[in-house]
Amino acid sequence: MQQSDFTDEELMAYADGELPEDRASAMDLALADSVELADRLALFIETRAVAKEAWEPALHAPVPDHLVQRVRELAAADQKVQTVSDDTVVAFQPKPSAPAAPPLWKLPLAASLALAVGLGAGLMLSPNSSGGLGSIEIAALTDARIIAALNTVPSGEDALLTDGARIAPIATFFDGAQTLCREFEFDRTDGMTIVSVACQRGGQWDVQMAVAAAAATDTGYAPASSLDTLDAYLSANNAGPPLDPSDEAAALAALR
Amino acid sequence: MSDKFADDIIAFLPNLRRFAISLCRSPDTADDLVQITVERAFAARAQFDPDTRLEAWLFRILRNAWIDMTRRTKTRGTQIDIDDAPDASTVDGTKVTETALMLQSAKAAIETLPADQRDVIMLICVEEMSYKEAAGVLGTPIGTVMSRLARARIAIGEKLGINRDTARSSGSQGDS
């Protein structure tokens with residue numbers, strides 16, 4: 001075997017343990033015979049070792065805390081989104097001590113999202129009304145059909161309203177003040193999906209927050225990105241865990 | 001609750017920073033780059049195939065983020081020399097050995113390589129990825145990776161005086 005039979009790339013691959021076995025065996029034999037070939041090989045072995053060693057100290061430089069912290073924050077935020085099943089039930093966990101989600105006012109909203117504080121029945125159901133998404137109003141829900149749905153429809157099911165809108169309660173929970181709240185999605189007839197939380201105050205459902213997601217996904221549910229805002233709201237208000245179906249039924253029955 | 005994906009990323013942060021520093025040569029920019037990588041990794045988490053190596057996936061995200069960054073900010077002139085960085089090296093004046101000098105020169109030699117060659121050196125020789133993984137990170141065929149890598153190593157050898165004739169003897173140590 002002539003040493004010139006081996007290219008630089010083959011020698012390098014041999015040095016890196018990447019030469020196919022048959023060529024590597026041939027190389028073993030050729031190396032025993034040729035000092036020159038061994039010298040050529042040594043170049044590739046040495047440059048690898050030197051490169052690795054030269055950059056070794058950089059591996060031991062301390063990683064800034066904020067990077068580690070950021071990974072933890074993202075992981076915590078993910079854990080909530082992950083609990084969204086591919087069906088309809090959105091679960092969330094109480095976060096009594098770890099404020100991983102940023103406060104609501106710090107949230108960079110995705111361009112497709114508009115944060116609407118409050119959505120009165122007029123806002124949602126009467127596109128002709130003067131109120132638009134731009135108006136800010138904290139409103140009690142007055143539409144009887146939405147109230148009826150919130151009072152009766154179990155989480156995970158949905159109800160079609162006569163005009164083609166759809167309401168889907170997602171979860172029922174008590175907030176930090178032990179107020180009964182429901183998270184729900186509302187699909188307007190114009191295709192806008194609104195993710196909202198309403199809580200019981202003085203015998204009526206008060207809308208606490210609403211995020212309008214411009215386009216619902218194929219499944220008809222709001223995209224997960226809109227849940228970031230929801231998460232921030234839920235953690236800021238010490239939302240408790242979702243009630244299980246029987247507790248939810250009992251809590252809703254108590255409203256009537 | 002533990003999250004393996006997050007734990008693995010945290011464990012790999014030193015490697016991401018090292019690769020980032022090799023790309024941008026500024027520790028501050030490197031940290032920005034690593035943060036962007038982390039954000040993108042979580043955003044694209046669903047697309048990660050658990051049967052593949054997370055490390056290669058992260059390197060790919062980081063390198064693409066760097067390409068995006070350089071596209072946007074054409075500020076190559078403002079890079080900081082890596083040797084000014086506090087973590088760059090720890091050369092004690094009384095212990096400046098030939099080895100330390102050699103390693104400093106090696107680092108410098110790698111940094112001054114053309115970007116394509118530097119990247120394959122970092123991924124394969126420093127991060128010990130396979131040719132195939134490196135090809136995946138860089139989005140180039142394995143043949144291209146190998147030819148760049150061979151050229152890069154020959155260039156480093158020349159800069160450091162590890163030429164083909166002396167490589168074997170200097171490898172056996174002992175020369176003054």
# chains A, B, ... in the order shown; residues from 1 in each chain; ligands from 1
call {"tool": "residues_around", "arguments": {"residues": "Ile36 in chain B", "least_positions_apart": "3", "cutoff": "12 Å", "atoms": "only C-alpha atoms", "output": "PyMOL selection string"}}
result
(chain A and resi 67+70-71) or (chain B and resi 16-17+20+29-33+39-43+58-59+61-66+68-69)
call {"tool": "closest_atom_pairs", "arguments": {"of": "chain A", "to": "chain B", "cutoff": "8 Å", "atoms": "only C-alpha atoms", "output": "tab-separated table"}}
result
residue	atom	partner	partner_atom	distance
A:Asp8	CA	B:Ala150	CA	6.7
A:Glu9	CA	B:Ala150	CA	5.9
A:Met12	CA	B:Ala150	CA	6.6
A:Glu18	CA	B:Tyr131	CA	7.8
A:Glu36	CA	B:Asp165	CA	7.7
A:Ala38	CA	B:Arg168	CA	7.3
A:Asp39	CA	B:Arg168	CA	5.3
A:Arg40	CA	B:Arg164	CA	5.2
A:Ala42	CA	B:Arg168	CA	5.5
A:Leu43	CA	B:Ala167	CA	5.4
A:Phe44	CA	B:Arg153	CA	6.5
A:Glu46	CA	B:Gly171	CA	7.0
A:Thr47	CA	B:Arg153	CA	5.9
A:Arg48	CA	B:Cys125	CA	5.0
A:Ala49	CA	B:Cys125	CA	7.4
A:Val50	CA	B:Leu103	CA	6.6
A:Ala51	CA	B:Val126	CA	6.0
A:Lys52	CA	B:Val126	CA	4.3
A:Glu53	CA	B:Leu103	CA	6.9
A:Ala54	CA	B:Leu103	CA	4.7
A:Trp55	CA	B:Val126	CA	6.8
A:Glu56	CA	B:Val126	CA	8.0
A:Pro57	CA	B:Ser89	CA	6.6
A:Ala58	CA	B:Arg18	CA	5.7
A:Leu59	CA	B:Pro14	CA	5.4
A:His60	CA	B:Pro14	CA	7.0
A:Ala61	CA	B:Asp87	CA	5.7
A:Pro62	CA	B:Pro14	CA	7.7
A:Val63	CA	B:Pro14	CA	6.3
A:Leu67	CA	B:Gln35	CA	6.3
A:Val68	CA	B:Ile10	CA	6.1
A:Arg70	CA	B:Gln35	CA	7.7
A:Val71	CA	B:Ala6	CA	6.2
A:Arg72	CA	B:Ala6	CA	6.8
A:Leu74	CA	B:Phe42	CA	6.8
A:Ala75	CA	B:Ala6	CA	6.0
A:Asp78	CA	B:Phe42	CA	7.9
call {"tool": "atom_distance", "arguments": {"atom1": "CA of Arg201 in chain A", "atom2": "CA of Pro245 in chain A"}}
result
22.2 Å
call {"tool": "atom_distance", "arguments": {"atom1": "CA of Asp49 in chain B", "atom2": "CA of Val120 in chain B"}}
result
23.2 Å
call {"tool": "closest_residue", "arguments": {"among": "A:Ala148, A:Asp158, A:Pro242, A:Asp143", "to": "Arg182 in chain A", "atoms": "only C-alpha atoms"}}
result
A:Pro242
call {"tool": "closest_residue", "arguments": {"among": "A:Ala171, A:Ala77, A:Leu141, A:Val195", "to": "Leu230 in chain A", "atoms": "only C-alpha atoms"}}
result
A:Val195
call {"tool": "select_by_dssp", "arguments": {"residues": "range 13-139 of chain B", "states": "alpha helix (DSSP H)", "output": "number ranges by chain"}}
result
B: 13-24, 27-43, 54-72, 98-111, 115-120, 131-138
call {"tool": "write_last_selection", "arguments": {"atoms": "C-alpha atoms", "output": "PDB file, in the first residue's frame"}}
result
ATOM      1  CA  LEU B  13     -25.023  26.379  28.668  1.00  0.00           C
ATOM      2  CA  PRO B  14     -21.220  26.419  29.093  1.00  0.00           C
ATOM      3  CA  ASN B  15     -20.814  24.753  25.704  1.00  0.00           C
ATOM      4  CA  LEU B  16     -23.288  27.109  24.090  1.00  0.00           C
ATOM      5  CA  ARG B  17     -21.420  30.093  25.496  1.00  0.00           C
ATOM      6  CA  ARG B  18     -18.121  28.735  24.322  1.00  0.00           C
ATOM      7  CA  PHE B  19     -19.391  28.207  20.809  1.00  0.00           C
ATOM      8  CA  ALA B  20     -21.045  31.623  20.876  1.00  0.00           C
ATOM      9  CA  ILE B  21     -17.783  33.258  21.911  1.00  0.00           C
ATOM     10  CA  SER B  22     -15.988  31.557  19.065  1.00  0.00           C
ATOM     11  CA  LEU B  23     -18.570  33.000  16.697  1.00  0.00           C
ATOM     12  CA  CYS B  24     -18.841  36.561  17.908  1.00  0.00           C
ATOM     13  CA  PRO B  27     -18.577  37.660  25.822  1.00  0.00           C
ATOM     14  CA  ASP B  28     -21.487  40.098  26.085  1.00  0.00           C
ATOM     15  CA  THR B  29     -22.740  39.406  22.609  1.00  0.00           C
ATOM     16  CA  ALA B  30     -22.201  35.714  23.278  1.00  0.00           C
ATOM     17  CA  ASP B  31     -24.528  35.870  26.258  1.00  0.00           C
ATOM     18  CA  ASP B  32     -27.152  37.633  24.164  1.00  0.00           C
ATOM     19  CA  LEU B  33     -26.762  34.943  21.554  1.00  0.00           C
ATOM     20  CA  VAL B  34     -27.142  32.182  24.112  1.00  0.00           C
ATOM     21  CA  GLN B  35     -30.256  33.834  25.486  1.00  0.00           C
ATOM     22  CA  ILE B  36     -31.776  34.084  22.011  1.00  0.00           C
ATOM     23  CA  THR B  37     -30.904  30.420  21.506  1.00  0.00           C
ATOM     24  CA  VAL B  38     -32.643  29.454  24.713  1.00  0.00           C
ATOM     25  CA  GLU B  39     -35.760  31.448  23.811  1.00  0.00           C
ATOM     26  CA  ARG B  40     -35.906  29.907  20.367  1.00  0.00           C
ATOM     27  CA  ALA B  41     -35.315  26.421  21.733  1.00  0.00           C
ATOM     28  CA  PHE B  42     -38.309  26.700  24.023  1.00  0.00           C
ATOM     29  CA  ALA B  43     -40.448  28.267  21.314  1.00  0.00           C
ATOM     30  CA  LEU B  54     -30.186  18.070  21.867  1.00  0.00           C
ATOM     31  CA  GLU B  55     -26.667  19.487  21.671  1.00  0.00           C
ATOM     32  CA  ALA B  56     -26.597  19.436  17.890  1.00  0.00           C
ATOM     33  CA  TRP B  57     -30.043  20.989  17.731  1.00  0.00           C
ATOM     34  CA  LEU B  58     -29.040  23.784  20.090  1.00  0.00           C
ATOM     35  CA  PHE B  59     -25.836  24.506  18.208  1.00  0.00           C
ATOM     36  CA  ARG B  60     -27.809  24.778  15.034  1.00  0.00           C
ATOM     37  CA  ILE B  61     -30.244  27.238  16.590  1.00  0.00           C
ATOM     38  CA  LEU B  62     -27.353  29.242  18.004  1.00  0.00           C
ATOM     39  CA  ARG B  63     -25.512  29.417  14.732  1.00  0.00           C
ATOM     40  CA  ASN B  64     -28.638  30.451  12.863  1.00  0.00           C
ATOM     41  CA  ALA B  65     -29.262  33.110  15.494  1.00  0.00           C
ATOM     42  CA  TRP B  66     -25.743  34.377  14.925  1.00  0.00           C
ATOM     43  CA  ILE B  67     -26.298  34.514  11.189  1.00  0.00           C
ATOM     44  CA  ASP B  68     -29.494  36.482  11.795  1.00  0.00           C
ATOM     45  CA  MET B  69     -27.666  38.800  14.147  1.00  0.00           C
ATOM     46  CA  THR B  70     -24.851  39.533  11.726  1.00  0.00           C
ATOM     47  CA  ARG B  71     -27.336  40.075   8.962  1.00  0.00           C
ATOM     48  CA  ARG B  72     -29.086  42.713  11.013  1.00  0.00           C
ATOM     49  CA  GLU B  98       5.456  26.922  26.374  1.00  0.00           C
ATOM     50  CA  THR B  99       2.302  24.913  26.539  1.00  0.00           C
ATOM     51  CA  ALA B 100       0.290  27.901  27.663  1.00  0.00           C
ATOM     52  CA  LEU B 101       1.765  30.038  24.949  1.00  0.00           C
ATOM     53  CA  MET B 102       1.086  27.324  22.443  1.00  0.00           C
ATOM     54  CA  LEU B 103      -2.536  27.108  23.526  1.00  0.00           C
ATOM     55  CA  GLN B 104      -2.954  30.858  23.312  1.00  0.00           C
ATOM     56  CA  SER B 105      -1.530  30.819  19.833  1.00  0.00           C
ATOM     57  CA  ALA B 106      -3.779  27.919  18.958  1.00  0.00           C
ATOM     58  CA  LYS B 107      -6.817  29.828  20.109  1.00  0.00           C
ATOM     59  CA  ALA B 108      -5.732  32.838  18.129  1.00  0.00           C
ATOM     60  CA  ALA B 109      -5.040  30.663  15.113  1.00  0.00           C
ATOM     61  CA  ILE B 110      -8.537  29.222  15.268  1.00  0.00           C
ATOM     62  CA  GLU B 111     -10.121  32.626  15.707  1.00  0.00           C
ATOM     63  CA  ALA B 115     -15.618  31.452   9.528  1.00  0.00           C
ATOM     64  CA  ASP B 116     -16.490  28.250   7.686  1.00  0.00           C
ATOM     65  CA  GLN B 117     -13.302  26.581   8.815  1.00  0.00           C
ATOM     66  CA  ARG B 118     -13.486  27.920  12.346  1.00  0.00           C
ATOM     67  CA  ASP B 119     -16.992  26.529  12.779  1.00  0.00           C
ATOM     68  CA  VAL B 120     -16.001  22.976  11.858  1.00  0.00           C
ATOM     69  CA  TYR B 131     -18.848  14.832  11.050  1.00  0.00           C
ATOM     70  CA  LYS B 132     -22.450  13.974  10.481  1.00  0.00           C
ATOM     71  CA  GLU B 133     -23.691  15.994  13.439  1.00  0.00           C
ATOM     72  CA  ALA B 134     -21.579  18.966  12.429  1.00  0.00           C
ATOM     73  CA  ALA B 135     -22.951  18.727   8.907  1.00  0.00           C
ATOM     74  CA  GLY B 136     -26.434  18.835  10.413  1.00  0.00           C
ATOM     75  CA  VAL B 137     -25.630  21.887  12.509  1.00  0.00           C
ATOM     76  CA  LEU B 138     -24.119  23.740   9.575  1.00  0.00           C
TER      77      LEU B 138
END
call {"tool": "closest_residue", "arguments": {"among": "B:Thr112, B:Pro50, B:Gly161, B:Thr140", "to": "Asp8 in chain B", "atoms": "only C-alpha atoms"}}
result
B:Pro50
call {"tool": "decode", "arguments": {"residues": "range 18-144 of chain B", "atoms": "C-alpha atoms", "output": "PDB file, in the first residue's frame"}}
result
ATOM      1  CA  ARG B  18     -18.121  28.735  24.322  1.00  0.00           C
ATOM      2  CA  PHE B  19     -19.391  28.207  20.809  1.00  0.00           C
ATOM      3  CA  ALA B  20     -21.045  31.623  20.876  1.00  0.00           C
ATOM      4  CA  ILE B  21     -17.783  33.258  21.911  1.00  0.00           C
ATOM      5  CA  SER B  22     -15.988  31.557  19.065  1.00  0.00           C
ATOM      6  CA  LEU B  23     -18.570  33.000  16.697  1.00  0.00           C
ATOM      7  CA  CYS B  24     -18.841  36.561  17.908  1.00  0.00           C
ATOM      8  CA  ARG B  25     -15.659  36.988  19.983  1.00  0.00           C
ATOM      9  CA  SER B  26     -17.428  39.152  22.522  1.00  0.00           C
ATOM     10  CA  PRO B  27     -18.577  37.660  25.822  1.00  0.00           C
ATOM     11  CA  ASP B  28     -21.487  40.098  26.085  1.00  0.00           C
ATOM     12  CA  THR B  29     -22.740  39.406  22.609  1.00  0.00           C
ATOM     13  CA  ALA B  30     -22.201  35.714  23.278  1.00  0.00           C
ATOM     14  CA  ASP B  31     -24.528  35.870  26.258  1.00  0.00           C
ATOM     15  CA  ASP B  32     -27.152  37.633  24.164  1.00  0.00           C
ATOM     16  CA  LEU B  33     -26.762  34.943  21.554  1.00  0.00           C
ATOM     17  CA  VAL B  34     -27.142  32.182  24.112  1.00  0.00           C
ATOM     18  CA  GLN B  35     -30.256  33.834  25.486  1.00  0.00           C
ATOM     19  CA  ILE B  36     -31.776  34.084  22.011  1.00  0.00           C
ATOM     20  CA  THR B  37     -30.904  30.420  21.506  1.00  0.00           C
ATOM     21  CA  VAL B  38     -32.643  29.454  24.713  1.00  0.00           C
ATOM     22  CA  GLU B  39     -35.760  31.448  23.811  1.00  0.00           C
ATOM     23  CA  ARG B  40     -35.906  29.907  20.367  1.00  0.00           C
ATOM     24  CA  ALA B  41     -35.315  26.421  21.733  1.00  0.00           C
ATOM     25  CA  PHE B  42     -38.309  26.700  24.023  1.00  0.00           C
ATOM     26  CA  ALA B  43     -40.448  28.267  21.314  1.00  0.00           C
ATOM     27  CA  ALA B  44     -39.596  25.398  18.974  1.00  0.00           C
ATOM     28  CA  ARG B  45     -39.591  22.757  21.644  1.00  0.00           C
ATOM     29  CA  ALA B  46     -42.339  20.751  19.971  1.00  0.00           C
ATOM     30  CA  GLN B  47     -40.167  20.411  16.876  1.00  0.00           C
ATOM     31  CA  PHE B  48     -37.271  18.841  18.731  1.00  0.00           C
ATOM     32  CA  ASP B  49     -36.946  15.165  17.919  1.00  0.00           C
ATOM     33  CA  PRO B  50     -35.970  13.426  21.171  1.00  0.00           C
ATOM     34  CA  ASP B  51     -34.234  10.712  19.166  1.00  0.00           C
ATOM     35  CA  THR B  52     -31.641  13.227  18.051  1.00  0.00           C
ATOM     36  CA  ARG B  53     -29.021  14.942  20.136  1.00  0.00           C
ATOM     37  CA  LEU B  54     -30.186  18.070  21.867  1.00  0.00           C
ATOM     38  CA  GLU B  55     -26.667  19.487  21.671  1.00  0.00           C
ATOM     39  CA  ALA B  56     -26.597  19.436  17.890  1.00  0.00           C
ATOM     40  CA  TRP B  57     -30.043  20.989  17.731  1.00  0.00           C
ATOM     41  CA  LEU B  58     -29.040  23.784  20.090  1.00  0.00           C
ATOM     42  CA  PHE B  59     -25.836  24.506  18.208  1.00  0.00           C
ATOM     43  CA  ARG B  60     -27.809  24.778  15.034  1.00  0.00           C
ATOM     44  CA  ILE B  61     -30.244  27.238  16.590  1.00  0.00           C
ATOM     45  CA  LEU B  62     -27.353  29.242  18.004  1.00  0.00           C
ATOM     46  CA  ARG B  63     -25.512  29.417  14.732  1.00  0.00           C
ATOM     47  CA  ASN B  64     -28.638  30.451  12.863  1.00  0.00           C
ATOM     48  CA  ALA B  65     -29.262  33.110  15.494  1.00  0.00           C
ATOM     49  CA  TRP B  66     -25.743  34.377  14.925  1.00  0.00           C
ATOM     50  CA  ILE B  67     -26.298  34.514  11.189  1.00  0.00           C
ATOM     51  CA  ASP B  68     -29.494  36.482  11.795  1.00  0.00           C
ATOM     52  CA  MET B  69     -27.666  38.800  14.147  1.00  0.00           C
ATOM     53  CA  THR B  70     -24.851  39.533  11.726  1.00  0.00           C
ATOM     54  CA  ARG B  71     -27.336  40.075   8.962  1.00  0.00           C
ATOM     55  CA  ARG B  72     -29.086  42.713  11.013  1.00  0.00           C
ATOM     56  CA  THR B  73     -26.197  44.422  12.682  1.00  0.00           C
ATOM     57  CA  LYS B  74     -23.223  44.793  10.489  1.00  0.00           C
ATOM     58  CA  THR B  75     -20.968  45.723  13.341  1.00  0.00           C
ATOM     59  CA  ARG B  76     -18.091  43.407  12.908  1.00  0.00           C
ATOM     60  CA  GLY B  77     -15.758  46.281  13.660  1.00  0.00           C
ATOM     61  CA  THR B  78     -16.948  46.558  17.243  1.00  0.00           C
ATOM     62  CA  GLN B  79     -15.995  43.085  18.299  1.00  0.00           C
ATOM     63  CA  ILE B  80     -13.975  42.808  21.430  1.00  0.00           C
ATOM     64  CA  ASP B  81     -10.801  40.861  21.381  1.00  0.00           C
ATOM     65  CA  ILE B  82     -11.450  37.646  23.220  1.00  0.00           C
ATOM     66  CA  ASP B  83      -8.125  37.957  24.992  1.00  0.00           C
ATOM     67  CA  ASP B  84      -9.420  40.998  26.845  1.00  0.00           C
ATOM     68  CA  ALA B  85     -12.236  38.979  28.319  1.00  0.00           C
ATOM     69  CA  PRO B  86     -11.826  38.001  31.945  1.00  0.00           C
ATOM     70  CA  ASP B  87     -12.466  34.355  31.196  1.00  0.00           C
ATOM     71  CA  ALA B  88     -10.220  34.220  28.200  1.00  0.00           C
ATOM     72  CA  SER B  89      -7.260  32.741  29.913  1.00  0.00           C
ATOM     73  CA  THR B  90      -5.539  32.586  33.212  1.00  0.00           C
ATOM     74  CA  VAL B  91      -1.905  33.013  32.465  1.00  0.00           C
ATOM     75  CA  ASP B  92       0.108  33.478  35.588  1.00  0.00           C
ATOM     76  CA  GLY B  93       3.160  35.508  34.712  1.00  0.00           C
ATOM     77  CA  THR B  94       5.493  33.222  36.559  1.00  0.00           C
ATOM     78  CA  LYS B  95       4.089  30.145  34.948  1.00  0.00           C
ATOM     79  CA  VAL B  96       3.982  31.074  31.353  1.00  0.00           C
ATOM     80  CA  THR B  97       4.970  27.780  29.937  1.00  0.00           C
ATOM     81  CA  GLU B  98       5.456  26.922  26.374  1.00  0.00           C
ATOM     82  CA  THR B  99       2.302  24.913  26.539  1.00  0.00           C
ATOM     83  CA  ALA B 100       0.290  27.901  27.663  1.00  0.00           C
ATOM     84  CA  LEU B 101       1.765  30.038  24.949  1.00  0.00           C
ATOM     85  CA  MET B 102       1.086  27.324  22.443  1.00  0.00           C
ATOM     86  CA  LEU B 103      -2.536  27.108  23.526  1.00  0.00           C
ATOM     87  CA  GLN B 104      -2.954  30.858  23.312  1.00  0.00           C
ATOM     88  CA  SER B 105      -1.530  30.819  19.833  1.00  0.00           C
ATOM     89  CA  ALA B 106      -3.779  27.919  18.958  1.00  0.00           C
ATOM     90  CA  LYS B 107      -6.817  29.828  20.109  1.00  0.00           C
ATOM     91  CA  ALA B 108      -5.732  32.838  18.129  1.00  0.00           C
ATOM     92  CA  ALA B 109      -5.040  30.663  15.113  1.00  0.00           C
ATOM     93  CA  ILE B 110      -8.537  29.222  15.268  1.00  0.00           C
ATOM     94  CA  GLU B 111     -10.121  32.626  15.707  1.00  0.00           C
ATOM     95  CA  THR B 112      -8.446  33.990  12.634  1.00  0.00           C
ATOM     96  CA  LEU B 113      -9.537  31.141  10.399  1.00  0.00           C
ATOM     97  CA  PRO B 114     -12.227  31.840   7.827  1.00  0.00           C
ATOM     98  CA  ALA B 115     -15.618  31.452   9.528  1.00  0.00           C
ATOM     99  CA  ASP B 116     -16.490  28.250   7.686  1.00  0.00           C
ATOM    100  CA  GLN B 117     -13.302  26.581   8.815  1.00  0.00           C
ATOM    101  CA  ARG B 118     -13.486  27.920  12.346  1.00  0.00           C
ATOM    102  CA  ASP B 119     -16.992  26.529  12.779  1.00  0.00           C
ATOM    103  CA  VAL B 120     -16.001  22.976  11.858  1.00  0.00           C
ATOM    104  CA  ILE B 121     -12.989  23.138  14.165  1.00  0.00           C
ATOM    105  CA  MET B 122     -15.199  24.294  17.035  1.00  0.00           C
ATOM    106  CA  LEU B 123     -17.890  21.701  16.453  1.00  0.00           C
ATOM    107  CA  ILE B 124     -15.687  18.710  15.734  1.00  0.00           C
ATOM    108  CA  CYS B 125     -12.360  19.230  17.474  1.00  0.00           C
ATOM    109  CA  VAL B 126     -13.549  21.299  20.428  1.00  0.00           C
ATOM    110  CA  GLU B 127     -17.112  20.097  20.949  1.00  0.00           C
ATOM    111  CA  GLU B 128     -16.299  16.602  19.715  1.00  0.00           C
ATOM    112  CA  MET B 129     -19.262  16.223  17.444  1.00  0.00           C
ATOM    113  CA  SER B 130     -19.239  13.687  14.637  1.00  0.00           C
ATOM    114  CA  TYR B 131     -18.848  14.832  11.050  1.00  0.00           C
ATOM    115  CA  LYS B 132     -22.450  13.974  10.481  1.00  0.00           C
ATOM    116  CA  GLU B 133     -23.691  15.994  13.439  1.00  0.00           C
ATOM    117  CA  ALA B 134     -21.579  18.966  12.429  1.00  0.00           C
ATOM    118  CA  ALA B 135     -22.951  18.727   8.907  1.00  0.00           C
ATOM    119  CA  GLY B 136     -26.434  18.835  10.413  1.00  0.00           C
ATOM    120  CA  VAL B 137     -25.630  21.887  12.509  1.00  0.00           C
ATOM    121  CA  LEU B 138     -24.119  23.740   9.575  1.00  0.00           C
ATOM    122  CA  GLY B 139     -26.595  22.547   6.989  1.00  0.00           C
ATOM    123  CA  THR B 140     -23.824  21.424   4.657  1.00  0.00           C
ATOM    124  CA  PRO B 141     -22.902  18.033   3.174  1.00  0.00           C
ATOM    125  CA  ILE B 142     -20.433  15.875   5.114  1.00  0.00           C
ATOM    126  CA  GLY B 143     -17.954  16.121   2.239  1.00  0.00           C
ATOM    127  CA  THR B 144     -17.895  19.885   2.619  1.00  0.00           C
TER     128      THR B 144
END
